[in-house]
Every structure is written in structure tokens, then in C-alpha cells.
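What follows is the content of model-v8.txt, which has compact mmCIF, C-alpha atoms:
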```
# COMPACT_ATOMS: atom_id res chain seq x y z
CA MET A 212 18.28 15.49 -12.23
CA SER A 213 17.53 13.11 -9.37
CA TYR A 214 15.99 14.13 -6.08
CA GLY A 215 17.53 12.07 -3.32
CA HIS A 216 17.05 8.56 -4.71
CA GLY A 217 16.73 6.69 -7.99
CA THR A 218 18.07 6.93 -11.52
CA ASP A 219 15.46 8.99 -13.34
CA SER A 220 16.53 9.54 -16.96
CA THR A 221 17.26 13.18 -17.74
CA GLU A 222 17.10 12.49 -21.46
CA LEU A 223 13.72 10.73 -21.59
CA ARG A 224 12.17 12.52 -18.63
CA PRO A 225 13.82 15.89 -18.06
CA ASN A 226 12.81 17.67 -14.86
CA HIS A 227 10.86 14.63 -13.66
CA GLY A 228 8.36 15.07 -16.48
CA HIS A 229 7.36 18.53 -15.26
CA ILE A 230 4.88 20.35 -17.52
CA ASP A 231 5.26 24.13 -17.52
CA PHE A 232 1.63 25.08 -16.94
CA ALA A 233 1.00 28.64 -15.77
CA GLY A 234 -1.29 27.75 -12.87
CA LEU A 235 -0.48 24.11 -12.16
CA PRO A 236 3.05 23.98 -10.71
CA ASN A 237 3.15 20.28 -9.84
CA THR A 238 1.74 18.66 -12.96
CA ARG A 239 4.05 15.97 -14.32
CA ASP A 240 3.98 13.45 -17.14
CA LEU A 241 4.97 9.87 -16.21
CA GLY A 242 6.21 9.46 -19.77
CA GLY A 243 9.86 8.46 -20.02
CA LEU A 244 10.03 6.57 -16.72
CA GLU A 245 12.17 3.49 -17.30
CA THR A 246 11.02 0.04 -16.20
CA ALA A 247 13.17 -2.74 -14.80
CA ASP A 248 13.11 -4.53 -18.16
CA GLY A 249 14.32 -1.47 -20.09
CA ARG A 250 11.03 -0.26 -21.51
CA HIS A 251 9.63 3.23 -20.96
CA VAL A 252 6.27 4.75 -20.06
CA ARG A 253 4.62 6.39 -23.06
CA SER A 254 4.58 10.17 -22.99
CA GLY A 255 1.43 12.24 -22.81
CA ARG A 256 -0.83 9.50 -21.44
CA LEU A 257 -0.45 9.41 -17.65
CA LEU A 258 -0.44 12.73 -15.80
CA ARG A 259 -0.16 13.46 -12.07
CA SER A 260 -1.10 16.84 -10.68
CA GLY A 261 -2.37 19.05 -7.93
CA THR A 262 -5.92 20.39 -7.98
CA LEU A 263 -7.09 21.77 -11.32
CA PHE A 264 -8.93 24.64 -9.60
CA PHE A 265 -5.94 26.93 -10.22
CA ALA A 266 -5.54 26.06 -13.90
CA ARG A 267 -5.37 29.01 -16.29
CA ASP A 268 -7.33 29.04 -19.53
CA GLY A 269 -4.17 28.21 -21.44
CA ASP A 270 -3.46 25.24 -19.18
CA LEU A 271 -6.92 23.82 -19.79
CA LYS A 272 -6.57 24.37 -23.53
CA ARG A 273 -3.27 22.47 -23.53
CA LEU A 274 -4.82 19.61 -21.57
CA ARG A 275 -7.58 19.39 -24.18
CA LYS A 276 -5.57 19.93 -27.36
CA GLU A 277 -2.02 18.81 -26.58
CA TYR A 278 -2.68 15.99 -24.11
CA HIS A 279 -6.13 14.95 -25.38
CA LEU A 280 -7.34 14.68 -21.81
CA HIS A 281 -10.00 12.01 -21.54
CA ALA A 282 -10.44 11.42 -17.79
CA VAL A 283 -9.76 13.22 -14.50
CA VAL A 284 -9.65 11.35 -11.19
CA ASP A 285 -10.11 13.65 -8.21
CA LEU A 286 -8.84 12.01 -5.01
CA ARG A 287 -9.98 14.80 -2.66
CA GLY A 288 -12.85 14.91 -0.19
CA ASP A 289 -16.21 16.62 -0.51
CA ASP A 290 -15.08 19.51 1.69
CA GLU A 291 -12.15 20.26 -0.61
CA LEU A 292 -14.31 19.95 -3.73
CA ALA A 293 -16.75 22.46 -2.30
CA GLU A 294 -13.98 24.99 -1.65
CA LYS A 295 -11.93 24.47 -4.81
CA PRO A 296 -13.86 22.52 -7.47
CA ASP A 297 -12.23 21.33 -10.65
CA PRO A 298 -13.19 23.50 -13.66
CA MET A 299 -14.92 20.67 -15.50
CA ARG A 300 -17.22 23.09 -17.35
CA CYS A 301 -14.10 24.05 -19.29
CA LEU A 302 -13.43 20.37 -20.01
CA PRO A 303 -16.88 19.32 -21.27
CA LEU A 304 -15.77 16.14 -23.04
CA VAL A 305 -13.61 14.89 -20.17
CA ARG A 306 -14.88 12.19 -17.83
CA TYR A 307 -14.74 13.26 -14.17
CA VAL A 308 -14.33 10.59 -11.49
CA HIS A 309 -14.48 11.39 -7.78
CA ALA A 310 -12.52 8.85 -5.73
CA ASP A 311 -12.36 10.14 -2.15
CA VAL A 312 -9.37 8.46 -0.48
CA MET A 313 -10.30 9.77 2.95
CA ARG A 314 -14.07 9.66 3.18
CA GLY A 315 -14.62 10.73 6.76
CA GLY A 316 -11.27 12.53 6.81
CA ILE A 317 -7.71 11.92 7.89
CA GLU A 318 -6.52 15.03 9.65
CA GLY A 319 -3.34 16.40 8.13
CA ILE A 320 -4.01 15.27 4.56
CA SER A 321 -7.29 16.98 3.73
CA GLN A 322 -6.65 20.49 2.43
CA ASP A 323 -9.86 22.19 3.48
CA GLU A 324 -9.24 25.27 5.60
CA ALA A 325 -10.33 23.74 8.93
CA SER A 326 -8.06 20.72 8.52
CA LYS A 327 -5.11 22.88 7.55
CA ALA A 328 -5.65 24.99 10.68
CA ARG A 329 -5.73 21.88 12.88
CA LEU A 330 -2.57 20.60 11.21
CA LEU A 331 -0.82 23.89 11.92
CA GLU A 332 -1.70 23.55 15.60
CA LEU A 333 -0.31 20.01 15.67
CA GLU A 334 2.86 21.17 13.96
CA ARG A 335 3.39 23.86 16.56
CA ALA A 336 2.78 21.39 19.38
CA SER A 337 5.19 18.70 18.15
CA THR A 338 8.89 19.46 17.80
CA ASP A 339 10.64 16.17 18.61
CA ASP A 340 9.91 14.41 15.29
CA PRO A 341 7.61 16.45 13.05
CA PRO A 342 7.41 13.86 10.21
CA ALA A 343 6.24 11.10 12.58
CA PHE A 344 2.58 12.15 12.30
CA MET A 345 2.41 11.79 8.51
CA GLU A 346 4.50 8.63 8.65
CA ALA A 347 1.73 7.12 10.77
CA VAL A 348 -1.01 8.43 8.46
CA TYR A 349 0.34 7.17 5.13
CA PRO A 350 -0.50 3.46 5.56
CA ASP A 351 -4.16 4.41 6.10
CA LEU A 352 -4.28 6.05 2.68
CA LEU A 353 -3.91 2.62 1.10
CA LEU A 354 -5.30 0.26 3.73
CA SER A 355 -8.42 2.02 5.03
CA ASP A 356 -11.76 1.01 3.50
CA PRO A 357 -12.20 4.42 1.81
CA GLY A 358 -8.65 4.23 0.47
CA ILE A 359 -9.15 0.76 -0.98
CA LYS A 360 -12.40 1.81 -2.65
CA ALA A 361 -10.87 5.01 -4.01
CA TYR A 362 -7.72 3.43 -5.43
CA ARG A 363 -9.81 0.65 -6.95
CA LYS A 364 -11.92 3.29 -8.70
CA PHE A 365 -8.77 5.17 -9.72
CA LEU A 366 -7.08 2.16 -11.33
CA LYS A 367 -10.34 1.12 -12.97
CA THR A 368 -10.50 4.56 -14.59
CA VAL A 369 -6.91 4.25 -15.83
CA LEU A 370 -7.76 0.80 -17.22
CA ASP A 371 -10.91 2.12 -18.92
CA THR A 372 -9.14 5.10 -20.51
CA THR A 373 -8.18 3.49 -23.79
CA ARG A 374 -7.52 6.73 -25.67
CA GLY A 375 -6.09 10.11 -24.79
CA SER A 376 -4.68 10.81 -21.36
CA VAL A 377 -5.83 10.36 -17.79
CA LEU A 378 -4.92 12.84 -15.04
CA TRP A 379 -5.21 12.20 -11.31
CA HIS A 380 -4.77 14.67 -8.52
CA CYS A 381 -5.37 15.56 -4.89
CA HIS A 382 -4.71 19.09 -3.59
CA VAL A 383 -0.93 19.38 -3.73
CA GLY A 384 -0.29 16.30 -5.88
CA ARG A 385 1.82 14.72 -3.16
CA ASP A 386 0.15 12.34 -0.69
CA ARG A 387 -3.02 10.80 -2.15
CA CYS A 388 -1.79 11.50 -5.67
CA GLY A 389 1.64 10.16 -4.72
CA MET A 390 0.21 6.80 -3.65
CA ALA A 391 -1.89 6.61 -6.82
CA SER A 392 1.22 7.28 -8.89
CA MET A 393 3.16 4.67 -6.95
CA LEU A 394 0.54 2.04 -7.78
CA VAL A 395 0.54 2.84 -11.52
CA GLU A 396 4.33 2.96 -11.69
CA TYR A 397 4.64 -0.33 -9.81
CA ILE A 398 2.19 -2.04 -12.18
CA LEU A 399 4.19 -0.79 -15.16
CA GLY A 400 7.41 -2.21 -13.69
CA VAL A 401 9.18 0.97 -12.62
CA PRO A 402 11.81 0.15 -9.94
CA MET A 403 10.96 1.30 -6.43
CA SER A 404 13.99 3.60 -6.27
CA VAL A 405 12.66 5.50 -9.29
CA ILE A 406 9.12 5.51 -7.87
CA GLU A 407 10.52 7.09 -4.71
CA ASP A 408 12.36 9.66 -6.81
CA ASP A 409 9.16 10.62 -8.60
CA TYR A 410 7.33 10.92 -5.30
CA LEU A 411 10.00 13.16 -3.75
CA ALA A 412 10.07 15.45 -6.79
CA THR A 413 6.88 17.10 -5.55
CA ASN A 414 9.12 19.04 -3.14
CA ILE A 415 10.75 20.68 -6.17
CA TYR A 416 7.62 21.75 -8.00
CA THR A 417 4.85 22.45 -5.51
CA ASP A 418 4.22 26.06 -4.57
CA GLU A 419 2.93 25.04 -1.14
CA PRO A 420 4.94 26.39 1.83
CA SER A 421 7.63 23.93 2.87
CA SER A 422 7.05 22.09 6.13
CA GLU A 423 9.14 19.37 7.74
CA ARG A 424 5.91 17.69 8.81
CA THR A 425 4.24 17.55 5.41
CA ASP A 426 6.93 17.77 2.69
CA ALA A 427 7.23 14.54 0.70
CA ASN A 428 9.50 12.36 2.80
CA ILE A 429 11.08 9.01 2.01
CA ARG A 430 9.83 7.80 5.39
CA PHE A 431 6.22 8.35 4.34
CA ILE A 432 6.22 6.31 1.14
CA ARG A 433 8.25 3.55 2.77
CA ALA A 434 5.82 3.42 5.69
CA ALA A 435 2.93 2.95 3.25
CA VAL A 436 4.72 0.31 1.18
CA GLY A 437 5.90 -1.50 4.31
CA ALA A 438 2.37 -1.64 5.71
CA VAL A 439 1.05 -3.01 2.42
CA ASP A 440 3.80 -5.63 2.36
CA ARG A 441 2.91 -6.76 5.89
CA GLU A 442 -0.81 -6.90 5.15
CA TYR A 443 -0.81 -8.35 1.62
CA GLY A 444 2.71 -9.70 1.11
CA SER A 445 3.56 -7.19 -1.62
CA ILE A 446 2.13 -4.30 -3.60
CA ALA A 447 1.12 -6.85 -6.21
CA GLY A 448 -0.80 -8.73 -3.52
CA TYR A 449 -2.58 -5.52 -2.56
CA ILE A 450 -3.47 -4.66 -6.15
CA LYS A 451 -4.88 -8.13 -6.74
CA GLY A 452 -6.22 -9.01 -3.29
CA ALA A 453 -7.53 -5.67 -2.01
CA LEU A 454 -8.25 -3.80 -5.25
CA GLY A 455 -9.41 -6.86 -7.20
CA PHE A 456 -7.39 -6.55 -10.41
CA LYS A 457 -6.39 -9.58 -12.46
CA ASP A 458 -3.13 -10.36 -14.21
CA SER A 459 -4.92 -9.74 -17.51
CA ASP A 460 -5.84 -6.22 -16.36
CA LEU A 461 -2.25 -5.45 -15.39
CA ASN A 462 -0.92 -6.86 -18.65
CA GLU A 463 -3.37 -4.67 -20.56
CA LEU A 464 -2.06 -1.59 -18.77
CA ARG A 465 1.53 -2.54 -19.59
CA GLU A 466 0.70 -3.12 -23.25
CA ARG A 467 -1.07 0.22 -23.49
CA TYR A 468 1.29 2.46 -21.57
CA LEU A 469 4.75 0.99 -22.22
CA GLU A 470 7.01 1.19 -25.25
CA ALA A 471 10.52 0.03 -26.09
```
Could you take the file, read its structure, and then write that structure out as C-alpha cells?
Amino acid sequence: MSYGHGTDSTELRPNHGHIDFAGLPNTRDLGGLETADGRHVRSGRLLRSGTLFFARDGDLKRLRKEYHLHAVVDLRGDDELAEKPDPMRCLPLVRYVHADVMRGGIEGISQDEASKARLLELERASTDDPPAFMEAVYPDLLLSDPGIKAYRKFLKTVLDTTRGSVLWHCHVGRDRCGMASMLVEYILGVPMSVIEDDYLATNIYTDEPSSERTDANIRFIRAAVGAVDREYGSIAGYIKGALGFKDSDLNELRERYLEA
């Protein structure tokens, strides 16, 4: 099944890698994604998700026992953590890393109650082109100083997780998580059309109310990638120049997370 773009393999990655957790509707395994050179991402190692606050006991048990979860990267802000903290007491051996993409806040992305209320007011006030607001916001996720620091910390955690799995999330598992997933998939050599497909699949699995302003939109990810290309020449230039990773780091990730 392909959502709008790309050639995601239904055999190696059925349902976009969706994991049928009881309380985590948008948790997906990157395993099975095919790279441009014909290799595939290893299953059970790289997980993208929404907040773990809603995880049921059985979900947490599966993350521990079935996926051998070793690290969680939380891309949300302090306000969101205060309202809906991850249940790390139930994951006592798992490393928790807070990497706030929007320190100081970007209205419309943060999922604390006040920001969601302001976003609703903006949505009601704008009818000409509802997605335009988020299209303008997305480049800041990657290019702002907090974004650069957060995604550097995120990729460093992925690089340091040499055993078990690493899971990263924001609130919905769409915007901040989507850009984190894009970076990992790009490093591993997944074609951009497939990266876009994986990003858009959030619209299938999230239980958040649908909104033309905030649903995953091809315009959003392309706005972010286009801004990175203009600023750094390419995503590779951003990963090396802004985030500070070396070719040896990227090769290590490919060796660890890819298979024939």
C-alpha cells in the first residue's frame, strides 16, 4: 500500500511498518524500507512514534521484550512533557534523551493545550490556503538553532545505540518526528519518494482529528527539504555542516542498520 507517493514494499514493509500497539496508533518500524542500492533497513531497530504517554502496559512490555528498546528520544518541549510525560518508570533500563526541537516554541507544532487552542483560532481565521502556515513553519524545524541542536542530539543517540532498538517521537509522530525520520532514512539511502511516502503515512495511522492545516502534507516536507538544500546545498550538507557528522559516522549507521 502506498500513500500518495513512492514505492514502499508491501512484502517487506506491510502497512508502512505499522505496529499494532493498543495505545500507540502511529508507531511504525522503519524495517523493510528499500534503499536506492537495493538493500533494506533492518527490522526491529528503528522505530518512529507518537508520545509514549498513551502506551498500555502490554505496549510497554512489547517494547521491552520484543523490540529490546534501548533508547527513547523525545522531541517535544518542556510544556508537553509536563502535561503528558513518557512512562519511563516502566522502562527502567531504557535511556531517555530529551531533544527539544522547538525550545521557545513554534506555534502550531507544540501540542500543549494553550498552543493547540491558538492553532485552532488561526485555523478558523484562515480559509484561503490552510496548509500555508505549516508550510512556512517546517523549515524552522531543521534550520533554527534549537532544531539543529535537537536533531544533532537525536542522530548522536541513534549512532550511540549499538544494540537493541531506538525509538523517537514527538506528540503525533508527524512533524518533528517526521523530520527526524527523514534524516535517518536519507542517511541510509532511502529514495526521497519513499521517504515522502513514509512521512505521509501518518495520516493513515494517527488518531488525531484530521485538519487540512496540520495533516501531513507533501508541501510541508518539500518546503523543509528545499530550505535545507538552499542553505546547505543538500541534506547531506546539512547533516555534515550543521549537525557535525562525519562520513565515518554515516557509514557506521549504514553498516549497522542495513542488510541485503
If you measure from CA of Thr246 (chain A) to CA of Gly400 (chain A), what distance in Å do you get, rounded to one decimal?
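Computing the Euclidean distance for CA of Thr246 (chain A) and CA of Gly400 (chain A) yields 4.9 Å.
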Atomic distance CA of Tyr449 (chain A) - CA of His380 (chain A), expressed in Å with one decimal:
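CA of Tyr449 (chain A) sits 21.2 Å away from CA of His380 (chain A).
Put simply, CA of Leu454 (chain A) is 29.4 Å away from CA of Arg224 (chain A).
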Which residue out of A:Arg314, A:His279, A:Arg300, A:Arg374 has the minimum interatomic distance to Arg467 (chain A) when only C-alpha atoms are used?
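Nearest candidate to Arg467 (chain A) out of A:Arg314, A:His279, A:Arg300, A:Arg374: A:Arg374.
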Nearest to Ala453 (chain A) by atom-to-atom distance, counting all atoms listed in the file, from A:Ile429, A:Ile398, A:Met393, A:Leu354
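The closest residue to Ala453 (chain A) is A:Leu354.
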Cut-off 6 Å: closest region 338-434 of chain A/region 283-286 of chain A atom pairs per residue, using only C-alpha atoms, as CSV:
```
residue,atom,partner,partner_atom,distance
A:Val377,CA,A:Val283,CA,5.9
A:Leu378,CA,A:Val283,CA,4.9
A:Trp379,CA,A:Val284,CA,4.5
A:His380,CA,A:Asp285,CA,5.4
A:Cys381,CA,A:Leu286,CA,5.0
```
Within 12 Å of Asp418 (chain A), counting only C-alpha atoms, which residues qualify if same-chain residues fewer than 3 places away don't, as a list of chain:residue names?
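Surrounding residues, per the criterion: A:Ala233, A:Gly234, A:Leu235, A:Pro236, A:Asn237, A:Thr238, A:Gly261, A:Phe265, A:His382, A:Val383, A:Gly384, A:Arg385, A:Thr413, A:Asn414, A:Ile415, A:Ser421, A:Ser422, A:Asp426.
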Any idea what's packed within 12 Å of Lys272 (chain A), counting all atoms listed in the file, ignoring anything in its chain fewer than 2 positions away? Could you give it as a ChimeraX atom specification?
/A:232-233,266-270,274-280,298,301-303
Please determine, counting only C-alpha atoms, which residue among A:Arg387, A:Arg256, A:Lys295, A:Arg433 has the shortest atom-to-atom distance to Glu346 (chain A).
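Smallest separation from Glu346 (chain A) among the options: A:Arg433.
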Contacts of His281 (chain A) at 6 Å or less, counting all atoms listed in the file, minus same-chain residues fewer than 2 places along, as a list of chain:residue names?
A:Val305, A:Gly375, A:Ser376, A:Val377
Counting only C-alpha atoms, what is within 6 Å of region 247-250 of chain A, bar same-chain residues fewer than 2 positions away, as a list of chain:residue names?
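The neighbour list is A:Glu245, A:Gly400, A:Val401, A:Pro402, A:Glu470, A:Ala471.
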Residue among A:Leu370, A:Phe264, A:Met403, A:Leu469 lying closest to Lys457 (chain A), counting all atoms listed in the file:
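For Lys457 (chain A), the nearest of the given residues is A:Leu370.
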Nearest residue to Leu353 (chain A) from the set A:Ile230, A:Leu271, A:Val252, A:Ala438 (distances using only C-alpha atoms):
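Among A:Ile230, A:Leu271, A:Val252, A:Ala438, it is A:Ala438 that comes nearest to Leu353 (chain A).
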From the list A:His227, A:Arg465, A:Arg430, A:His309, which residue is nearest Ala361 (chain A) when using all atoms listed in the file?
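Comparing A:His227, A:Arg465, A:Arg430, A:His309 against Ala361 (chain A), the winner is A:His309.
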Repaired coordinates for region 400-436 of chain A (N, CA and C atoms) as a CSV table (one decimal), in the frame of the given file:
```csv
chain,number,residue,atom,x,y,z
A,400,GLY,N,6.1,-1.6,-13.8
A,400,GLY,CA,7.4,-2.2,-13.7
A,400,GLY,C,8.5,-1.2,-13.4
A,401,VAL,N,8.2,0.0,-13.0
A,401,VAL,CA,9.2,1.0,-12.6
A,401,VAL,C,9.8,0.6,-11.3
A,402,PRO,N,11.2,0.5,-11.2
A,402,PRO,CA,11.8,0.2,-9.9
A,402,PRO,C,11.4,1.1,-8.8
A,403,MET,N,11.4,0.5,-7.6
A,403,MET,CA,11.0,1.3,-6.4
A,403,MET,C,11.8,2.5,-6.2
A,404,SER,N,13.1,2.4,-6.5
A,404,SER,CA,14.0,3.6,-6.3
A,404,SER,C,13.6,4.8,-7.2
A,405,VAL,N,13.1,4.5,-8.4
A,405,VAL,CA,12.7,5.5,-9.3
A,405,VAL,C,11.3,6.0,-8.9
A,406,ILE,N,10.4,5.1,-8.4
A,406,ILE,CA,9.1,5.5,-7.9
A,406,ILE,C,9.3,6.5,-6.7
A,407,GLU,N,10.2,6.2,-5.8
A,407,GLU,CA,10.5,7.1,-4.7
A,407,GLU,C,11.0,8.4,-5.2
A,408,ASP,N,11.8,8.4,-6.2
A,408,ASP,CA,12.4,9.7,-6.8
A,408,ASP,C,11.2,10.5,-7.4
A,409,ASP,N,10.3,9.9,-8.0
A,409,ASP,CA,9.2,10.6,-8.6
A,409,ASP,C,8.3,11.2,-7.5
A,410,TYR,N,8.1,10.4,-6.4
A,410,TYR,CA,7.3,10.9,-5.3
A,410,TYR,C,8.0,12.1,-4.7
A,411,LEU,N,9.3,12.1,-4.4
A,411,LEU,CA,10.0,13.2,-3.8
A,411,LEU,C,10.1,14.4,-4.6
A,412,ALA,N,9.9,14.3,-5.9
A,412,ALA,CA,10.1,15.4,-6.8
A,412,ALA,C,9.0,16.5,-6.6
A,413,THR,N,7.9,16.1,-5.9
A,413,THR,CA,6.9,17.1,-5.6
A,413,THR,C,7.5,18.3,-4.8
A,414,ASN,N,8.5,18.0,-3.9
A,414,ASN,CA,9.1,19.0,-3.1
A,414,ASN,C,9.8,20.1,-4.0
A,415,ILE,N,10.1,19.7,-5.3
A,415,ILE,CA,10.8,20.7,-6.2
A,415,ILE,C,9.7,21.6,-6.8
A,416,TYR,N,8.5,21.0,-7.1
A,416,TYR,CA,7.6,21.8,-8.0
A,416,TYR,C,6.4,22.4,-7.3
A,417,THR,N,6.0,21.9,-6.2
A,417,THR,CA,4.8,22.4,-5.5
A,417,THR,C,5.1,23.9,-5.1
A,418,ASP,N,4.1,24.7,-5.1
A,418,ASP,CA,4.2,26.1,-4.6
A,418,ASP,C,3.7,26.2,-3.2
A,419,GLU,N,3.4,25.0,-2.5
A,419,GLU,CA,2.9,25.0,-1.1
A,419,GLU,C,4.1,25.4,-0.2
A,420,PRO,N,3.9,26.1,0.9
A,420,PRO,CA,4.9,26.4,1.8
A,420,PRO,C,5.6,25.1,2.3
A,421,SER,N,6.9,25.1,2.4
A,421,SER,CA,7.6,23.9,2.9
A,421,SER,C,7.4,23.7,4.4
A,422,SER,N,7.2,22.5,4.7
A,422,SER,CA,7.0,22.1,6.1
A,422,SER,C,7.7,20.7,6.4
A,423,GLU,N,8.5,20.6,7.4
A,423,GLU,CA,9.1,19.4,7.7
A,423,GLU,C,8.1,18.3,8.0
A,424,ARG,N,6.9,18.7,8.5
A,424,ARG,CA,5.9,17.7,8.8
A,424,ARG,C,5.3,17.1,7.6
A,425,THR,N,5.1,18.0,6.5
A,425,THR,CA,4.2,17.6,5.4
A,425,THR,C,5.0,17.4,4.1
A,426,ASP,N,6.2,18.0,3.9
A,426,ASP,CA,6.9,17.8,2.7
A,426,ASP,C,7.0,16.3,2.4
A,427,ALA,N,7.0,15.9,1.1
A,427,ALA,CA,7.2,14.5,0.7
A,427,ALA,C,8.5,14.0,1.4
A,428,ASN,N,8.4,12.9,2.0
A,428,ASN,CA,9.5,12.4,2.8
A,428,ASN,C,9.6,10.9,2.5
A,429,ILE,N,10.9,10.4,2.3
A,429,ILE,CA,11.1,9.0,2.0
A,429,ILE,C,10.5,8.1,3.1
A,430,ARG,N,10.4,8.6,4.3
A,430,ARG,CA,9.8,7.8,5.4
A,430,ARG,C,8.3,7.5,5.1
A,431,PHE,N,7.7,8.5,4.5
A,431,PHE,CA,6.2,8.4,4.3
A,431,PHE,C,5.9,7.2,3.3
A,432,ILE,N,6.5,7.3,2.2
A,432,ILE,CA,6.2,6.3,1.1
A,432,ILE,C,6.7,4.9,1.6
A,433,ARG,N,7.8,4.9,2.3
A,433,ARG,CA,8.2,3.6,2.8
A,433,ARG,C,7.4,3.0,3.9
A,434,ALA,N,6.8,3.9,4.7
A,434,ALA,CA,5.8,3.4,5.7
A,434,ALA,C,4.6,2.8,5.0
A,435,ALA,N,4.1,3.5,4.0
A,435,ALA,CA,2.9,3.0,3.2
A,435,ALA,C,3.2,1.6,2.6
A,436,VAL,N,4.4,1.5,1.9
A,436,VAL,CA,4.7,0.3,1.2
A,436,VAL,C,5.0,-0.8,2.2
```
